[in-house]
$ cat model28.pdb   # PDB, C-alpha atoms and all ligand atoms
MODEL        1
ATOM      1  CA  MET E   1     102.338 117.717  93.346
ATOM      2  CA  ILE E   2     104.227 116.288  90.359
ATOM      3  CA  LYS E   3     102.226 113.464  88.816
ATOM      4  CA  TYR E   4     104.242 110.542  87.522
ATOM      5  CA  ASN E   5     103.920 107.077  86.009
ATOM      6  CA  VAL E   6     106.163 104.246  87.112
ATOM      7  CA  ILE E   7     107.474 101.235  85.240
ATOM      8  CA  VAL E   8     108.258  98.467  87.733
ATOM      9  CA  LEU E   9     110.597  95.831  86.307
ATOM     10  CA  ALA E  10     109.846  92.306  87.510
ATOM     11  CA  ALA E  11     110.595  90.153  84.446
ATOM     12  CA  GLY E  12     114.038  88.900  85.486
ATOM     13  CA  GLN E  13     114.946  85.366  86.485
ATOM     14  CA  GLY E  14     116.757  86.069  89.739
ATOM     15  CA  LYS E  15     119.672  83.809  88.778
ATOM     16  CA  ARG E  16     122.018  85.263  91.408
ATOM     17  CA  MET E  17     119.377  84.715  94.103
ATOM     18  CA  ASN E  18     119.397  81.035  93.197
ATOM     19  CA  VAL E  19     116.067  80.053  94.779
ATOM     20  CA  GLY E  20     114.668  78.194  91.747
ATOM     21  CA  LYS E  21     112.070  80.861  90.971
ATOM     22  CA  ASN E  22     111.858  84.529  90.079
ATOM     23  CA  LYS E  23     112.979  86.372  93.238
ATOM     24  CA  GLN E  24     109.933  88.684  92.965
ATOM     25  CA  PHE E  25     107.885  85.872  94.555
ATOM     26  CA  ILE E  26     110.179  85.348  97.571
ATOM     27  CA  GLU E  27     108.235  85.983 100.785
ATOM     28  CA  LEU E  28     109.589  88.636 103.143
ATOM     29  CA  LEU E  29     107.677  88.551 106.416
ATOM     30  CA  LYS E  30     104.814  86.669 104.695
ATOM     31  CA  GLU E  31     104.405  88.934 101.651
ATOM     32  CA  PRO E  32     106.083  88.543  98.263
ATOM     33  CA  LEU E  33     108.931  90.920  97.479
ATOM     34  CA  ILE E  34     107.069  92.455  94.513
ATOM     35  CA  ILE E  35     104.110  93.324  96.766
ATOM     36  CA  HIS E  36     106.365  95.238  99.183
ATOM     37  CA  THR E  37     107.733  97.194  96.207
ATOM     38  CA  LEU E  38     104.340  97.899  94.596
ATOM     39  CA  LYS E  39     102.911  99.160  97.916
ATOM     40  CA  LYS E  40     105.364 102.078  97.845
ATOM     41  CA  PHE E  41     103.745 103.329  94.627
ATOM     42  CA  ILE E  42     100.146 102.318  95.399
ATOM     43  CA  GLN E  43     100.408 104.434  98.582
ATOM     44  CA  ASP E  44     101.950 107.458  96.866
ATOM     45  CA  LYS E  45      99.256 109.919  95.696
ATOM     46  CA  TRP E  46     101.669 111.372  93.121
ATOM     47  CA  CYS E  47     101.869 108.040  91.296
ATOM     48  CA  GLN E  48      99.188 107.879  88.589
ATOM     49  CA  ASN E  49      99.756 104.523  86.847
ATOM     50  CA  ILE E  50     101.916 101.481  87.464
ATOM     51  CA  TYR E  51     103.221  99.516  84.484
ATOM     52  CA  LEU E  52     104.336  96.165  85.845
ATOM     53  CA  VAL E  53     106.745  94.449  83.470
ATOM     54  CA  ILE E  54     106.558  90.681  83.868
ATOM     55  CA  ASN E  55     107.709  87.451  82.305
ATOM     56  CA  PRO E  56     104.750  86.342  80.087
ATOM     57  CA  ASN E  57     105.165  82.795  81.487
ATOM     58  CA  GLU E  58     104.392  84.195  84.952
ATOM     59  CA  GLN E  59     101.388  86.289  83.906
ATOM     60  CA  ASN E  60      98.751  84.039  85.542
ATOM     61  CA  GLN E  61     100.708  83.806  88.790
ATOM     62  CA  MET E  62     101.273  87.570  88.890
ATOM     63  CA  GLU E  63      97.638  88.392  87.988
ATOM     64  CA  GLU E  64      96.328  86.086  90.706
ATOM     65  CA  LEU E  65      98.656  87.663  93.250
ATOM     66  CA  ILE E  66      97.684  91.242  92.317
ATOM     67  CA  ALA E  67      93.970  90.291  92.348
ATOM     68  CA  THR E  68      94.235  89.352  96.037
ATOM     69  CA  TYR E  69      95.210  92.977  96.765
ATOM     70  CA  GLN E  70      92.501  94.376  94.416
ATOM     71  CA  TRP E  71      94.979  96.619  92.645
ATOM     72  CA  GLN E  72      93.930  95.471  89.126
ATOM     73  CA  ASN E  73      92.661  98.938  88.173
ATOM     74  CA  GLN E  74      95.912 100.635  89.070
ATOM     75  CA  ILE E  75      98.281  98.200  87.360
ATOM     76  CA  THR E  76      98.885  97.479  83.657
ATOM     77  CA  PHE E  77     100.815  94.300  82.874
ATOM     78  CA  VAL E  78     103.494  94.552  80.193
ATOM     79  CA  PRO E  79     105.496  91.632  78.757
ATOM     80  CA  GLY E  80     109.194  91.818  79.564
ATOM     81  CA  GLY E  81     112.203  91.160  77.368
ATOM     82  CA  LYS E  82     115.368  89.079  77.596
ATOM     83  CA  GLU E  83     117.425  91.885  79.168
ATOM     84  CA  ARG E  84     116.475  94.457  81.803
ATOM     85  CA  GLN E  85     116.921  97.196  79.190
ATOM     86  CA  GLU E  86     114.441  95.560  76.815
ATOM     87  CA  SER E  87     111.921  95.204  79.644
ATOM     88  CA  GLY E  88     112.269  98.935  80.391
ATOM     89  CA  TYR E  89     111.749  99.833  76.738
ATOM     90  CA  ASN E  90     108.618  97.642  76.562
ATOM     91  CA  GLY E  91     107.333  99.529  79.603
ATOM     92  CA  LEU E  92     107.913 102.863  77.859
ATOM     93  CA  LEU E  93     106.048 101.702  74.737
ATOM     94  CA  ALA E  94     103.064 100.702  76.879
ATOM     95  CA  ILE E  95     102.521 104.293  78.080
ATOM     96  CA  SER E  96      99.751 105.904  76.021
ATOM     97  CA  GLU E  97     100.287 109.251  74.269
ATOM     98  CA  GLU E  98      98.048 111.139  76.737
ATOM     99  CA  GLN E  99     100.245 109.946  79.613
ATOM    100  CA  GLN E 100     103.558 110.910  78.044
ATOM    101  CA  ASP E 101     103.595 114.488  79.385
ATOM    102  CA  MET E 102     104.106 113.091  82.869
ATOM    103  CA  VAL E 103     107.453 112.215  84.399
ATOM    104  CA  VAL E 104     108.174 108.500  84.028
ATOM    105  CA  MET E 105     110.087 106.562  86.674
ATOM    106  CA  ILE E 106     111.754 103.202  86.075
ATOM    107  CA  HIS E 107     112.204 101.059  89.178
ATOM    108  CA  ASP E 108     113.516  97.591  90.035
ATOM    109  CA  GLY E 109     110.786  95.311  91.390
ATOM    110  CA  ALA E 110     113.533  93.927  93.620
ATOM    111  CA  ARG E 111     114.052  97.259  95.487
ATOM    112  CA  PRO E 112     111.264  97.430  98.110
ATOM    113  CA  PHE E 113     112.566 100.160 100.441
ATOM    114  CA  VAL E 114     112.404 103.431  98.504
ATOM    115  CA  GLU E 115     111.021 106.283 100.630
ATOM    116  CA  GLU E 116     108.148 108.524  99.554
ATOM    117  CA  ALA E 117     110.099 111.716 100.290
ATOM    118  CA  HIS E 118     112.768 110.561  97.834
ATOM    119  CA  LEU E 119     110.144 109.687  95.203
ATOM    120  CA  HIS E 120     108.896 113.261  95.458
ATOM    121  CA  GLU E 121     112.379 114.783  95.350
ATOM    122  CA  LEU E 122     113.135 112.635  92.317
ATOM    123  CA  ALA E 123     109.903 113.647  90.544
ATOM    124  CA  HIS E 124     110.798 117.328  91.053
ATOM    125  CA  ALA E 125     114.345 116.765  89.776
ATOM    126  CA  ALA E 126     113.125 114.941  86.660
ATOM    127  CA  LYS E 127     110.526 117.635  85.923
ATOM    128  CA  GLU E 128     113.201 120.316  86.138
ATOM    129  CA  LYS E 129     116.274 118.535  84.702
ATOM    130  CA  LYS E 130     114.658 115.817  82.498
ATOM    131  CA  ALA E 131     116.740 112.966  83.945
ATOM    132  CA  ALA E 132     117.574 112.047  87.542
ATOM    133  CA  LEU E 133     118.333 109.056  89.707
ATOM    134  CA  ILE E 134     118.499 108.125  93.347
ATOM    135  CA  ALA E 135     122.044 107.276  94.387
ATOM    136  CA  VAL E 136     124.229 107.152  97.501
ATOM    137  CA  PRO E 137     127.860 108.187  98.005
ATOM    138  CA  VAL E 138     130.192 105.184  97.829
ATOM    139  CA  THR E 139     131.519 104.262 101.276
ATOM    140  CA  ASP E 140     134.259 101.812 100.218
ATOM    141  CA  THR E 141     137.710 102.724  98.966
ATOM    142  CA  ILE E 142     137.500 101.794  95.285
ATOM    143  CA  LYS E 143     140.495 100.491  93.300
ATOM    144  CA  ARG E 144     140.819 100.211  89.527
ATOM    145  CA  LYS E 145     143.063  97.377  88.327
ATOM    146  CA  LYS E 146     145.215  98.001  85.265
ATOM    147  CA  GLY E 147     147.456  95.001  84.541
ATOM    148  CA  ASP E 148     149.689  94.456  87.594
ATOM    149  CA  ARG E 149     149.079  98.004  88.938
ATOM    150  CA  ILE E 150     146.093  99.385  90.763
ATOM    151  CA  GLU E 151     144.939 102.923  91.330
ATOM    152  CA  THR E 152     142.658 104.468  93.931
ATOM    153  CA  LEU E 153     139.706 106.424  92.599
ATOM    154  CA  ASP E 154     138.645 109.728  94.135
ATOM    155  CA  ARG E 155     135.808 108.530  96.353
ATOM    156  CA  SER E 156     134.318 112.006  96.707
ATOM    157  CA  THR E 157     133.145 111.775  93.074
ATOM    158  CA  LEU E 158     131.705 108.242  93.235
ATOM    159  CA  TRP E 159     128.031 107.377  93.664
ATOM    160  CA  ALA E 160     126.306 103.989  93.813
ATOM    161  CA  ALA E 161     123.332 104.051  91.441
ATOM    162  CA  GLN E 162     119.935 102.941  92.689
ATOM    163  CA  THR E 163     116.404 103.118  91.338
ATOM    164  CA  PRO E 164     113.959 104.693  90.750
ATOM    165  CA  GLN E 165     115.456 106.674  87.907
ATOM    166  CA  ALA E 166     113.115 109.337  86.509
ATOM    167  CA  PHE E 167     112.817 111.032  83.154
ATOM    168  CA  ASP E 168     111.073 113.216  80.686
ATOM    169  CA  TYR E 169     109.295 110.581  78.578
ATOM    170  CA  GLN E 170     110.605 111.708  75.161
ATOM    171  CA  LEU E 171     114.207 111.881  76.429
ATOM    172  CA  ILE E 172     114.294 108.364  77.858
ATOM    173  CA  LYS E 173     112.512 106.941  74.808
ATOM    174  CA  GLU E 174     115.102 108.554  72.535
ATOM    175  CA  ALA E 175     117.913 107.279  74.787
ATOM    176  CA  HIS E 176     116.574 103.709  74.585
ATOM    177  CA  GLU E 177     116.193 103.971  70.813
ATOM    178  CA  GLN E 178     119.757 105.232  70.373
ATOM    179  CA  ALA E 179     121.060 102.434  72.632
ATOM    180  CA  LYS E 180     119.195  99.902  70.502
ATOM    181  CA  ALA E 181     120.552 101.394  67.277
ATOM    182  CA  THR E 182     124.143 101.329  68.582
ATOM    183  CA  ASP E 183     123.865  97.924  70.350
ATOM    184  CA  TYR E 184     124.626  99.542  73.704
ATOM    185  CA  LEU E 185     123.485  97.518  76.694
ATOM    186  CA  GLY E 186     123.611  99.403  79.990
ATOM    187  CA  THR E 187     122.996  98.088  83.477
ATOM    188  CA  ASP E 188     120.656 100.984  84.234
ATOM    189  CA  ASP E 189     118.537 103.532  82.349
ATOM    190  CA  VAL E 190     120.390 106.766  83.144
ATOM    191  CA  SER E 191     123.472 105.305  81.446
ATOM    192  CA  LEU E 192     121.511 105.498  78.178
ATOM    193  CA  VAL E 193     120.900 109.224  78.745
ATOM    194  CA  GLU E 194     124.592 109.653  79.636
ATOM    195  CA  ALA E 195     125.409 108.079  76.245
ATOM    196  CA  LEU E 196     123.336 110.815  74.561
ATOM    197  CA  GLY E 197     125.618 113.360  76.262
ATOM    198  CA  GLU E 198     122.716 114.804  78.295
ATOM    199  CA  PRO E 199     123.023 115.817  81.976
ATOM    200  CA  VAL E 200     121.568 113.704  84.777
ATOM    201  CA  ASP E 201     120.731 114.962  88.264
ATOM    202  CA  ILE E 202     121.425 112.955  91.445
ATOM    203  CA  VAL E 203     119.012 112.806  94.378
ATOM    204  CA  GLN E 204     120.787 111.443  97.438
ATOM    205  CA  GLY E 205     118.864 108.459  98.821
ATOM    206  CA  THR E 206     119.517 106.038 101.649
ATOM    207  CA  TYR E 207     121.743 102.968 102.029
ATOM    208  CA  GLN E 208     118.576 101.120 102.996
ATOM    209  CA  ASN E 209     117.191 101.252  99.433
ATOM    210  CA  VAL E 210     118.862  97.955  98.601
ATOM    211  CA  LYS E 211     118.170  95.659  95.665
ATOM    212  CA  LEU E 212     117.719  92.039  96.647
ATOM    213  CA  THR E 213     120.288  90.307  94.467
ATOM    214  CA  THR E 214     121.905  87.399  96.362
ATOM    215  CA  PRO E 215     120.591  85.157  99.203
ATOM    216  CA  GLU E 216     122.398  87.255 101.866
ATOM    217  CA  ASP E 217     120.093  90.156 100.962
ATOM    218  CA  ILE E 218     116.975  88.313 102.182
ATOM    219  CA  MET E 219     117.919  88.388 105.871
ATOM    220  CA  ARG E 220     118.998  92.021 105.603
ATOM    221  CA  ALA E 221     115.677  92.926 103.924
ATOM    222  CA  GLU E 222     113.658  91.187 106.648
ATOM    223  CA  MET E 223     115.584  93.085 109.309
ATOM    224  CA  ILE E 224     114.782  96.383 107.578
ATOM    225  CA  LEU E 225     111.091  95.415 107.322
ATOM    226  CA  GLU E 226     110.919  94.403 110.984
ATOM    227  CA  ARG E 227     112.451  97.721 111.987
ATOM    228  CA  GLN E 228     109.935  99.597 109.798
ATOM    229  CA  GLU E 229     107.000  97.667 111.271
ATOM    230  CA  GLU E 230     108.137  98.513 114.827
ATOM    231  CA  LYS E 231     107.943 102.251 114.051
TER     232      LYS E 231
HETATM  233  N1  LIG O   1     114.999  90.733  81.461
HETATM  234  C1  LIG O   1     114.829  91.359  82.627
HETATM  235  C2  LIG O   1     115.850  91.353  83.616
HETATM  236  C3  LIG O   1     115.619  91.993  84.832
HETATM  237  N2  LIG O   1     114.429  92.595  85.055
HETATM  238  C4  LIG O   1     114.167  93.218  86.357
HETATM  239  O1  LIG O   1     115.132  94.214  86.640
HETATM  240  C5  LIG O   1     115.345  94.323  88.044
HETATM  241  C6  LIG O   1     116.838  94.402  88.393
HETATM  242  O2  LIG O   1     117.528  93.311  87.821
HETATM  243  P1  LIG O   1     118.307  92.150  88.609
HETATM  244  O3  LIG O   1     118.474  92.451  90.018
HETATM  245  O4  LIG O   1     119.505  91.840  87.771
HETATM  246  O5  LIG O   1     117.232  90.982  88.534
HETATM  247  P2  LIG O   1     117.273  89.590  87.802
HETATM  248  O6  LIG O   1     117.588  89.785  86.353
HETATM  249  O7  LIG O   1     115.998  88.925  88.149
HETATM  250  O8  LIG O   1     118.482  88.870  88.568
HETATM  251  P3  LIG O   1     119.724  88.060  87.964
HETATM  252  O9  LIG O   1     120.523  89.061  87.158
HETATM  253  O10 LIG O   1     120.438  87.562  89.173
HETATM  254  O11 LIG O   1     119.138  86.947  87.117
HETATM  255  C7  LIG O   1     114.663  93.116  88.704
HETATM  256  O12 LIG O   1     113.557  93.590  89.450
HETATM  257  C8  LIG O   1     114.282  92.222  87.530
HETATM  258  O13 LIG O   1     113.077  91.504  87.697
HETATM  259  C9  LIG O   1     113.436  92.624  84.074
HETATM  260  O14 LIG O   1     112.361  93.176  84.284
HETATM  261  N3  LIG O   1     113.667  92.008  82.872
HETATM  262  C1  LIG O   2     119.587  99.456  87.884
HETATM  263  C2  LIG O   2     120.410  99.020  89.046
HETATM  264  O1  LIG O   2     119.600  98.480  90.065
HETATM  265  C3  LIG O   2     121.121 100.223  89.630
HETATM  266  O2  LIG O   2     121.824  99.855  90.760
HETATM  267  C4  LIG O   2     121.416  97.975  88.655
HETATM  268  O3  LIG O   2     122.346  98.527  87.774
HETATM  269  C5  LIG O   2     120.799  96.711  88.099
HETATM  270  O4  LIG O   2     121.720  95.769  87.594
HETATM  271  P1  LIG O   2     122.786  94.898  88.405
HETATM  272  O5  LIG O   2     123.471  94.107  87.357
HETATM  273  O6  LIG O   2     122.096  94.050  89.386
HETATM  274  O7  LIG O   2     123.728  95.860  89.081
ENDMDL
END

$ encode --input "model28.pdb" --output "structure tokens" --more "lines below"
Ligand SMILES: Nc1ccn([C@@H]2O[C@H](COP(=O)(O)OP(=O)(O)OP(=O)(O)O)[C@@H](O)[C@H]2O)c(=O)n1
Ligand SMILES: C[C@](O)(CO)[C@H](O)COP(=O)(O)O
Amino acid sequence: MIKYNVIVLAAGQGKRMNVGKNKQFIELLKEPLIIHTLKKFIQDKWCQNIYLVINPNEQNQMEELIATYQWQNQITFVPGGKERQESGYNGLLAISEEQQDMVVMIHDGARPFVEEAHLHELAHAAKEKKAALIAVPVTDTIKRKKGDRIETLDRSTLWAAQTPQAFDYQLIKEAHEQAKATDYLGTDDVSLVEALGEPVDIVQGTYQNVKLTTPEDIMRAEMILERQEEK
């Protein structure tokens, strides 16, 4: 067993979802999205602590929700920042020194379908290689546009990045600090390790581990949940 801590990012606004509230509170088959995501880690014996990064204006709402599941002892609330990257860094700073020897995962609160087997594979990869992510091979033919010409990229080398992404604590903290110092804003956390010139391992996940980003994703997510509940 590889023990790990997880930072779950839930402090965004969900602008692309366009439902007038943070998408973490959208109900999927009667339970909020963030609850579906947290369950994956609450149920995993390898997961030691959950750091839930939230918008401070939503703290009461989030605390009340978590209290109904009686998970208060397993979850530490952390205030989020303006950008996803800042929220991740705040999560890292909330991890006490005694906990820093453990692998740390960073996960989108809006990705509720990660599988336990992949969490374990990822924890092993991060322990061994210091940085790893779950990703899937790209299935589309990808073009790069350069002026009035386009080129076709070699699909066999392309991966779609997902979360969780998992790290040695000191490495990801250093990567965030360098990104801050150089004003680099990435769309994920492994890109900050890439910028340090360090290697990153890929654990192949599933196409089902989607992030709910736009309204079309809600119906797809409910279909996945229904299928899982039938099993
Ligand atoms: N300042 C931010 C921005 C994002 N997130 C979290 O990072 C995850 C992935 O980001 P994204 O899908 O972009 O979520 P939002 O920022 O909420 O969506 P949008 O970009 O459409 O506003 C989400 O779980 C979101 O809550 C965060 O914790 N803090
Ligand atoms: C971290 C991430 O979920 C990996 O796919 C993603 O990069 C988040 O940002 P996005 O702007 O929604 O792609």

$ residues_around --input "model28.pdb" --residues "Gln72 (chain E)" --least-positions-apart "5" --cutoff "9 Å" --atoms "all atoms listed in the file" --output "PyMOL selection string"
chain E and resi 63+66-67

$ resolve_selection --input "model28.pdb" --expression "the PyMOL selection byres (((chain E and resi 203-206) around 12) and not hetatm)" --output "PyMOL selection string"
chain E and resi 113-126+129+131-138+159-166+200-202+207-210

$ resolve_selection --input "model28.pdb" --expression "the PyMOL selection byres (((chain E and resi 39-41) around 10) and not hetatm)" --output "ChimeraX atom specification"
/E:5-6,8,34-38,42-50,69,71,74,112-116,119

$ atom_distance --input "model28.pdb" --atom1 "CA of Asn55 (chain E)" --atom2 "CA of Gln100 (chain E)"
24.2 Å

$ resolve_selection --input "model28.pdb" --expression "the PyMOL selection byres (((chain E and resi 82-99) around 10) and not hetatm)" --output "number ranges by chain"
E: 4-13, 48-55, 76-81, 100-108, 169-170, 172-173, 175-177, 179-180, 184-189, 192

$ atom_distance --input "model28.pdb" --atom1 "atom O1 of ligand LIG 1 (chain O)" --atom2 "CA of Gly109 (chain E)"
6.5 Å

$ closest_residue --input "model28.pdb" --among "E:Met1, E:Leu65, E:Leu196, E:Met17" --to "ligand LIG 1 (chain O)" --atoms "all atoms listed in the file"
E:Met17

$ atom_distance --input "model28.pdb" --atom1 "CA of Gly20 (chain E)" --atom2 "CA of Arg111 (chain E)"
19.4 Å

$ closest_residue --input "model28.pdb" --among "E:Gly197, E:Asn18, E:Glu226, E:Ala110" --to "ligand LIG 2 (chain O)" --atoms "all atoms listed in the file"
E:Ala110

$ axis_aligned_box --input "model28.pdb" --around "ligand LIG 1 (chain O)" --padding-each-side "3 Å" --output "JSON"
{"center_x": 116.4, "center_y": 90.7, "center_z": 85.7, "size_x": 14.2, "size_y": 13.5, "size_z": 14.6}

$ residues_around --input "model28.pdb" --residues "Thr214 (chain E)" --least-positions-apart "4" --cutoff "10 Å" --atoms "only C-alpha atoms" --output "PyMOL selection string"
chain E and resi 14-19+23+218

$ build_atoms --input "model28.pdb" --residues "region 55-74 of chain E" --atoms "N, CA and C atoms" --output "short mmCIF file (atom, residue, chain, number, x, y, z; two decimals), in the frame of the given file"
data_model
loop_
_atom_site.label_atom_id
_atom_site.label_comp_id
_atom_site.auth_asym_id
_atom_site.auth_seq_id
_atom_site.Cartn_x
_atom_site.Cartn_y
_atom_site.Cartn_z
N ASN E 55 107.43 88.55 83.22
CA ASN E 55 107.71 87.45 82.30
C ASN E 55 106.35 86.88 81.86
N PRO E 56 106.07 86.83 80.54
CA PRO E 56 104.75 86.34 80.09
C PRO E 56 104.43 84.95 80.64
N ASN E 57 105.44 84.13 80.91
CA ASN E 57 105.16 82.80 81.49
C ASN E 57 104.66 82.88 82.93
N GLU E 58 104.84 84.04 83.56
CA GLU E 58 104.39 84.20 84.95
C GLU E 58 103.14 85.06 85.06
N GLN E 59 102.52 85.35 83.90
CA GLN E 59 101.39 86.29 83.91
C GLN E 59 100.25 85.81 84.82
N ASN E 60 99.87 84.52 84.72
CA ASN E 60 98.75 84.04 85.54
C ASN E 60 99.06 84.17 87.03
N GLN E 61 100.29 83.75 87.39
CA GLN E 61 100.71 83.81 88.79
C GLN E 61 100.69 85.25 89.31
N MET E 62 101.19 86.16 88.47
CA MET E 62 101.27 87.57 88.89
C MET E 62 99.86 88.16 88.97
N GLU E 63 99.00 87.84 87.97
CA GLU E 63 97.64 88.39 87.99
C GLU E 63 96.87 87.91 89.21
N GLU E 64 97.03 86.63 89.53
CA GLU E 64 96.33 86.09 90.71
C GLU E 64 96.80 86.77 91.99
N LEU E 65 98.09 87.00 92.06
CA LEU E 65 98.66 87.66 93.25
C LEU E 65 98.11 89.09 93.38
N ILE E 66 98.14 89.84 92.28
CA ILE E 66 97.68 91.24 92.32
C ILE E 66 96.18 91.30 92.63
N ALA E 67 95.43 90.31 92.12
CA ALA E 67 93.97 90.29 92.35
C ALA E 67 93.66 90.17 93.84
N THR E 68 94.52 89.49 94.60
CA THR E 68 94.24 89.35 96.04
C THR E 68 94.36 90.70 96.76
N TYR E 69 95.07 91.64 96.15
CA TYR E 69 95.21 92.98 96.76
C TYR E 69 94.23 93.99 96.15
N GLN E 70 93.48 93.52 95.13
CA GLN E 70 92.50 94.38 94.42
C GLN E 70 93.12 95.65 93.85
N TRP E 71 94.28 95.48 93.26
CA TRP E 71 94.98 96.62 92.64
C TRP E 71 94.85 96.59 91.12
N GLN E 72 93.96 95.68 90.59
CA GLN E 72 93.93 95.47 89.13
C GLN E 72 93.75 96.77 88.36
N ASN E 73 92.95 97.71 88.92
CA ASN E 73 92.66 98.94 88.17
C ASN E 73 93.83 99.90 88.13
N GLN E 74 94.77 99.70 89.03
CA GLN E 74 95.91 100.64 89.07
C GLN E 74 97.14 100.10 88.33
#
